[in-house]
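Reproduced below: run18.cif, with mmCIF, C-alpha atoms.
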data_upload
#
loop_
_atom_site.label_atom_id
_atom_site.label_comp_id
_atom_site.auth_asym_id
_atom_site.auth_seq_id
_atom_site.Cartn_x
_atom_site.Cartn_y
_atom_site.Cartn_z
CA MET J 1 -17.66 28.20 -12.95
CA SER J 2 -14.58 29.35 -11.08
CA LEU J 3 -12.41 26.41 -10.04
CA GLU J 4 -10.89 28.44 -7.22
CA SER J 5 -14.15 29.38 -5.54
CA ASP J 6 -15.06 28.67 -1.94
CA ASN J 7 -18.06 26.63 -3.08
CA PRO J 8 -17.67 23.13 -1.57
CA LEU J 9 -19.30 21.56 -4.65
CA ASP J 10 -16.73 23.18 -6.96
CA ARG J 11 -13.91 22.07 -4.64
CA ALA J 12 -15.21 18.49 -4.61
CA ALA J 13 -15.44 18.48 -8.43
CA SER J 14 -11.91 19.88 -8.71
CA LEU J 15 -10.70 17.25 -6.23
CA GLU J 16 -12.36 14.55 -8.33
CA ALA J 17 -10.46 15.78 -11.41
CA LEU J 18 -7.15 15.72 -9.54
CA LEU J 19 -7.74 12.23 -8.17
CA PHE J 20 -8.84 11.04 -11.61
CA VAL J 21 -5.54 12.03 -13.25
CA GLY J 22 -3.37 10.86 -10.34
CA SER J 23 -1.68 7.54 -11.09
CA GLU J 24 -0.72 7.08 -7.45
CA PRO J 25 -2.07 8.25 -4.09
CA LEU J 26 -1.89 12.05 -3.80
CA SER J 27 -0.87 13.51 -0.45
CA ILE J 28 -3.08 15.84 1.54
CA GLU J 29 -0.41 18.51 1.23
CA ALA J 30 -0.21 18.25 -2.57
CA LEU J 31 -3.99 18.28 -2.97
CA SER J 32 -4.55 21.22 -0.63
CA ARG J 33 -1.79 23.14 -2.42
CA ALA J 34 -3.36 22.44 -5.83
CA LEU J 35 -6.82 23.43 -4.62
CA LEU J 36 -5.56 26.49 -2.72
CA CYS J 37 -7.26 25.41 0.48
CA SER J 38 -6.36 24.32 3.98
CA GLU J 39 -5.87 20.67 4.87
CA GLU J 40 -9.11 20.78 6.89
CA GLU J 41 -11.02 22.10 3.87
CA LEU J 42 -9.44 19.39 1.73
CA ILE J 43 -10.50 16.64 4.13
CA ALA J 44 -14.04 18.07 4.09
CA ALA J 45 -13.95 18.06 0.26
CA VAL J 46 -12.86 14.40 0.30
CA GLY J 47 -15.85 13.62 2.51
CA ASP J 48 -18.21 15.60 0.25
CA LEU J 49 -16.92 13.83 -2.85
CA GLN J 50 -17.18 10.39 -1.25
CA THR J 51 -20.76 11.15 -0.15
CA ARG J 52 -21.61 12.24 -3.69
CA LEU J 53 -20.04 9.08 -5.17
CA ASP J 54 -21.90 6.89 -2.66
CA SER J 55 -25.28 8.55 -3.13
CA SER J 56 -25.09 8.45 -6.93
CA GLY J 57 -24.30 4.73 -7.00
CA SER J 58 -20.95 5.41 -8.65
CA SER J 59 -18.57 2.54 -9.31
CA LEU J 60 -15.82 4.78 -7.94
CA GLN J 61 -14.65 5.36 -4.39
CA ILE J 62 -11.89 7.30 -2.67
CA LEU J 63 -9.25 5.23 -0.93
CA SER J 64 -6.93 6.46 1.77
CA ILE J 65 -3.66 4.72 0.85
CA ALA J 66 -0.05 5.28 1.87
CA GLY J 67 -0.70 8.67 3.43
CA GLY J 68 -2.71 10.02 0.49
CA TYR J 69 -5.94 9.68 -1.45
CA GLN J 70 -6.65 7.82 -4.67
CA LEU J 71 -9.74 7.40 -6.82
CA ALA J 72 -10.41 3.72 -7.45
CA THR J 73 -13.13 1.40 -8.61
CA ARG J 74 -15.16 -0.46 -6.03
CA PRO J 75 -14.21 -4.11 -5.41
CA ALA J 76 -17.59 -5.28 -6.76
CA TYR J 77 -16.39 -4.35 -10.27
CA SER J 78 -13.08 -6.23 -10.13
CA VAL J 79 -14.28 -9.22 -12.18
CA ILE J 80 -15.48 -7.20 -15.16
CA ILE J 81 -12.43 -4.93 -15.03
CA GLY J 82 -10.23 -8.02 -14.93
CA ARG J 83 -11.93 -9.34 -18.06
CA LEU J 84 -11.28 -6.07 -19.86
CA LEU J 85 -7.66 -5.79 -18.86
CA ALA J 86 -7.06 -9.55 -19.27
CA ARG J 87 -3.61 -9.37 -17.84
CA GLN J 88 -2.45 -10.50 -14.46
CA ARG J 89 -0.62 -8.20 -12.16
CA GLY J 90 2.63 -10.02 -11.53
CA LYS J 91 1.72 -12.18 -8.60
CA LEU J 92 4.20 -12.68 -5.82
CA SER J 93 5.48 -16.18 -5.23
CA ARG J 94 4.97 -17.88 -1.88
CA PRO J 95 8.66 -17.35 -0.90
CA ALA J 96 8.34 -13.67 -1.86
CA LEU J 97 5.19 -13.26 0.24
CA GLU J 98 6.81 -15.03 3.20
CA THR J 99 9.91 -12.85 2.96
CA LEU J 100 7.84 -9.70 2.53
CA SER J 101 5.74 -10.60 5.57
CA ILE J 102 8.82 -11.08 7.71
CA ILE J 103 10.22 -7.73 6.59
CA ALA J 104 6.89 -5.94 7.14
CA TYR J 105 6.53 -7.17 10.72
CA ARG J 106 10.18 -7.02 11.81
CA GLN J 107 11.64 -4.09 9.89
CA PRO J 108 14.34 -3.01 9.69
CA ILE J 109 15.77 -6.51 9.35
CA THR J 110 18.86 -8.10 7.79
CA GLN J 111 19.06 -10.95 5.29
CA PRO J 112 20.54 -13.38 7.87
CA GLU J 113 17.67 -12.57 10.26
CA ILE J 114 15.12 -13.24 7.50
CA GLU J 115 16.85 -16.50 6.62
CA ALA J 116 16.83 -17.53 10.29
CA VAL J 117 13.05 -17.14 10.40
CA ARG J 118 12.39 -18.79 7.02
CA GLY J 119 15.06 -21.47 7.35
CA VAL J 120 16.20 -21.01 3.73
CA GLY J 121 18.25 -18.54 1.71
CA CYS J 122 16.45 -15.51 0.34
CA ALA J 123 18.99 -13.54 -1.73
CA SER J 124 17.11 -13.92 -5.03
CA VAL J 125 13.76 -13.16 -3.37
CA LEU J 126 15.18 -9.97 -1.87
CA THR J 127 16.43 -8.94 -5.32
CA THR J 128 12.95 -9.50 -6.78
CA LEU J 129 11.28 -7.50 -4.01
CA ILE J 130 13.75 -4.63 -4.49
CA GLU J 131 13.19 -4.67 -8.28
CA ARG J 132 9.44 -4.49 -7.70
CA GLU J 133 10.07 -1.60 -5.28
CA LEU J 134 8.23 -3.32 -2.43
CA ILE J 135 11.29 -3.17 -0.16
CA GLU J 136 14.38 -0.98 0.03
CA GLU J 137 17.67 -0.76 1.83
CA ALA J 138 17.40 1.06 5.15
CA GLY J 139 21.08 1.41 6.00
CA ARG J 140 23.43 -1.08 7.63
CA ARG J 141 23.41 -2.74 11.03
CA ALA J 142 26.32 -1.89 13.32
CA ALA J 143 27.45 -5.52 13.52
CA PRO J 144 30.28 -7.59 12.06
CA GLY J 145 30.10 -7.47 8.28
CA ARG J 146 27.71 -4.48 8.48
CA PRO J 147 24.72 -6.36 6.98
CA ILE J 148 22.16 -4.41 4.97
CA LEU J 149 18.88 -3.58 6.71
CA TYR J 150 15.65 -3.90 4.70
CA ARG J 151 12.29 -2.18 5.13
CA THR J 152 9.05 -1.89 3.17
CA THR J 153 8.33 1.05 0.85
CA GLN J 154 5.35 3.25 0.04
CA ASN J 155 4.79 0.92 -2.95
CA PHE J 156 4.31 -1.93 -0.46
CA LEU J 157 1.49 0.06 1.18
CA HIS J 158 0.00 0.84 -2.22
CA TYR J 159 0.29 -2.77 -3.48
CA PHE J 160 -1.61 -4.08 -0.44
CA ALA J 161 -3.95 -1.02 -0.17
CA LEU J 162 -2.80 -0.11 3.34
CA GLU J 163 -2.87 3.35 4.89
CA ASP J 164 0.18 2.54 7.01
CA LEU J 165 1.92 -0.40 8.67
CA ALA J 166 -0.45 -0.22 11.64
CA ASP J 167 -3.12 -1.64 9.30
CA LEU J 168 -1.27 -4.96 9.07
CA PRO J 169 -3.19 -7.73 10.83
CA PRO J 170 -1.80 -8.49 14.30
CA LEU J 171 0.47 -11.48 14.76
CA GLU J 172 -0.44 -14.07 17.35
CA ASP J 173 1.91 -13.50 20.28
CA ALA J 174 2.03 -17.20 21.18
CA ALA J 175 3.32 -18.36 17.80
CA SER J 176 7.05 -19.05 17.63
CA PRO J 177 8.89 -18.98 14.27
CA ASP J 178 8.84 -22.81 14.25
CA GLU J 179 5.07 -22.84 14.85
CA VAL J 180 4.54 -20.32 12.07
CA ARG J 181 6.74 -22.31 9.68
CA SER J 182 4.90 -25.53 10.59
CA ALA J 183 1.51 -23.89 10.06
CA MET J 184 2.60 -22.48 6.69
CA ASP J 185 3.88 -25.89 5.57
CA SER J 186 0.47 -27.41 6.30
CA VAL J 187 -1.33 -24.94 3.98
CA ASP J 188 -1.79 -25.98 0.36
CA PRO J 189 -0.39 -23.34 -2.05
#
Go ahead and express the file in the form of structure tokens.
Amino acid sequence: MSLESDNPLDRAASLEALLFVGSEPLSIEALSRALLCSEEELIAAVGDLQTRLDSSGSSLQILSIAGGYQLATRPAYSVIIGRLLARQRGKLSRPALETLSIIAYRQPITQPEIEAVRGVGCASVLTTLIERELIEEAGRRAAPGRPILYRTTQNFLHYFALEDLADLPPLEDAASPDEVRSAMDSVDP
């Protein structure tokens, strides 16, 4: 079997091999370059492979994440996979999730702006989020003291399995920061 043939079945099998060895989402450009095909042909191969996985009852699926594709197990298998791996992915604390949410919806944003929304300091939380590569510096604001601007990273999209920031759930327009804070305080952790 020639791996560089124009046969769509061969291309889908080659795509499956590439996605299998990829430890992170692979871009359309990288995949089409590796398969020596156009981006349109690649997208068709992704569809063919997903159809094959679906029709065979495979535990695998193709996810479109962070501007690329990744082979992943279906959510229905998460419990048994969790038992095998028996390790927790480092969960984010409530303050880290709150800070990350503020950054995701208001980026680029400075530390004082985040603290104004949360009502508490967040220096150590920002350090944690940077270390986990969920946020990054995005320059400095042209204001006194030139505060650092923060934004989310591709790892943020990958961590939350989002294609892009447009996939974030919409915020309620009527909720003020005080209403949001009050609502969050009423939720049991």
If you apply the PyMOL selection byres ((chain J and resi 154-160) around 9) to this file, what residues do you get, as a short mmCIF file (atom, residue, chain, number, x, y, z; two decimals) with C-alpha atoms, in the coordinates of the input?
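The resulting expr39.cif:
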data_model
loop_
_atom_site.label_atom_id
_atom_site.label_comp_id
_atom_site.auth_asym_id
_atom_site.auth_seq_id
_atom_site.Cartn_x
_atom_site.Cartn_y
_atom_site.Cartn_z
CA GLU J 24 -0.72 7.08 -7.45
CA PRO J 25 -2.07 8.25 -4.09
CA ILE J 65 -3.66 4.72 0.85
CA ALA J 66 -0.05 5.28 1.87
CA GLY J 67 -0.70 8.67 3.43
CA ALA J 104 6.89 -5.94 7.14
CA ARG J 132 9.44 -4.49 -7.70
CA GLU J 133 10.07 -1.60 -5.28
CA LEU J 134 8.23 -3.32 -2.43
CA ILE J 135 11.29 -3.17 -0.16
CA THR J 152 9.05 -1.89 3.17
CA THR J 153 8.33 1.05 0.85
CA ALA J 161 -3.95 -1.02 -0.17
CA LEU J 162 -2.80 -0.11 3.34
CA GLU J 163 -2.87 3.35 4.89
CA ASP J 164 0.18 2.54 7.01
CA LEU J 165 1.92 -0.40 8.67
#
Query - Expected selection from the PyMOL selection byres ((chain J and resi 147) around 12), given as a count of residues only - result: 20
Produce the centre coordinates and the three edge lengths, each in Å to one decimal, of the box along x, y and z that contains all listed atoms of segment 98-110 of chain J with 3 Å added on each side, as lines of an AutoDock Vina configuration file.
center_x = 12.3
center_y = -9.0
center_z = 7.2
size_x = 19.1
size_y = 18.0
size_z = 15.3
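Separating atom CA of Ala44 of chain J from atom CA of Leu18 of chain J is a distance of 15.5 Å.
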Query - Residues matched by the PyMOL selection byres ((chain J and resi 71) around 8), written as a PyMOL selection string - result: chain J and resi 16+19-20+60-63+69-70+72-73
Requested in this report: Please provide as a ChimeraX atom specification all residues within 12 Å of Pro95 of chain J, with the sequence filter that same-chain residues fewer than 5 positions apart are discarded (counting only C-alpha atoms).
Outcome: /J:100-102,114-115,118-126,128-129,181,184-185,189
6 Å contact set for Arg74 of chain J, only C-alpha atoms, chain neighbours under 2 positions out, as a PDB file with C-alpha atoms, in the frame of the given file:
ATOM      1  CA  SER J  59     -18.570   2.540  -9.310  1.00  0.00           C
ATOM      2  CA  LEU J  60     -15.820   4.780  -7.940  1.00  0.00           C
ATOM      3  CA  ALA J  76     -17.590  -5.280  -6.760  1.00  0.00           C
ATOM      4  CA  TYR J  77     -16.390  -4.350 -10.270  1.00  0.00           C
TER       5      TYR J  77
END
Report summary line: Restricting to only C-alpha atoms, whichever of J:Gly68, J:Asp48, J:Pro169, J:Val117 is closest to Leu31 of chain J is J:Gly68
Report summary line: Between atom CA of Ala96 of chain J and atom CA of Leu26 of chain J lies a distance of 27.7 Å
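Atom CA of Ile81 of chain J is positioned 24.7 Å from atom CA of Val46 of chain J.
Closest to Arg11 of chain J among J:Thr127, J:Ser27, J:Ala45, J:Glu39 is J:Ala45, based on all atoms listed in the file.
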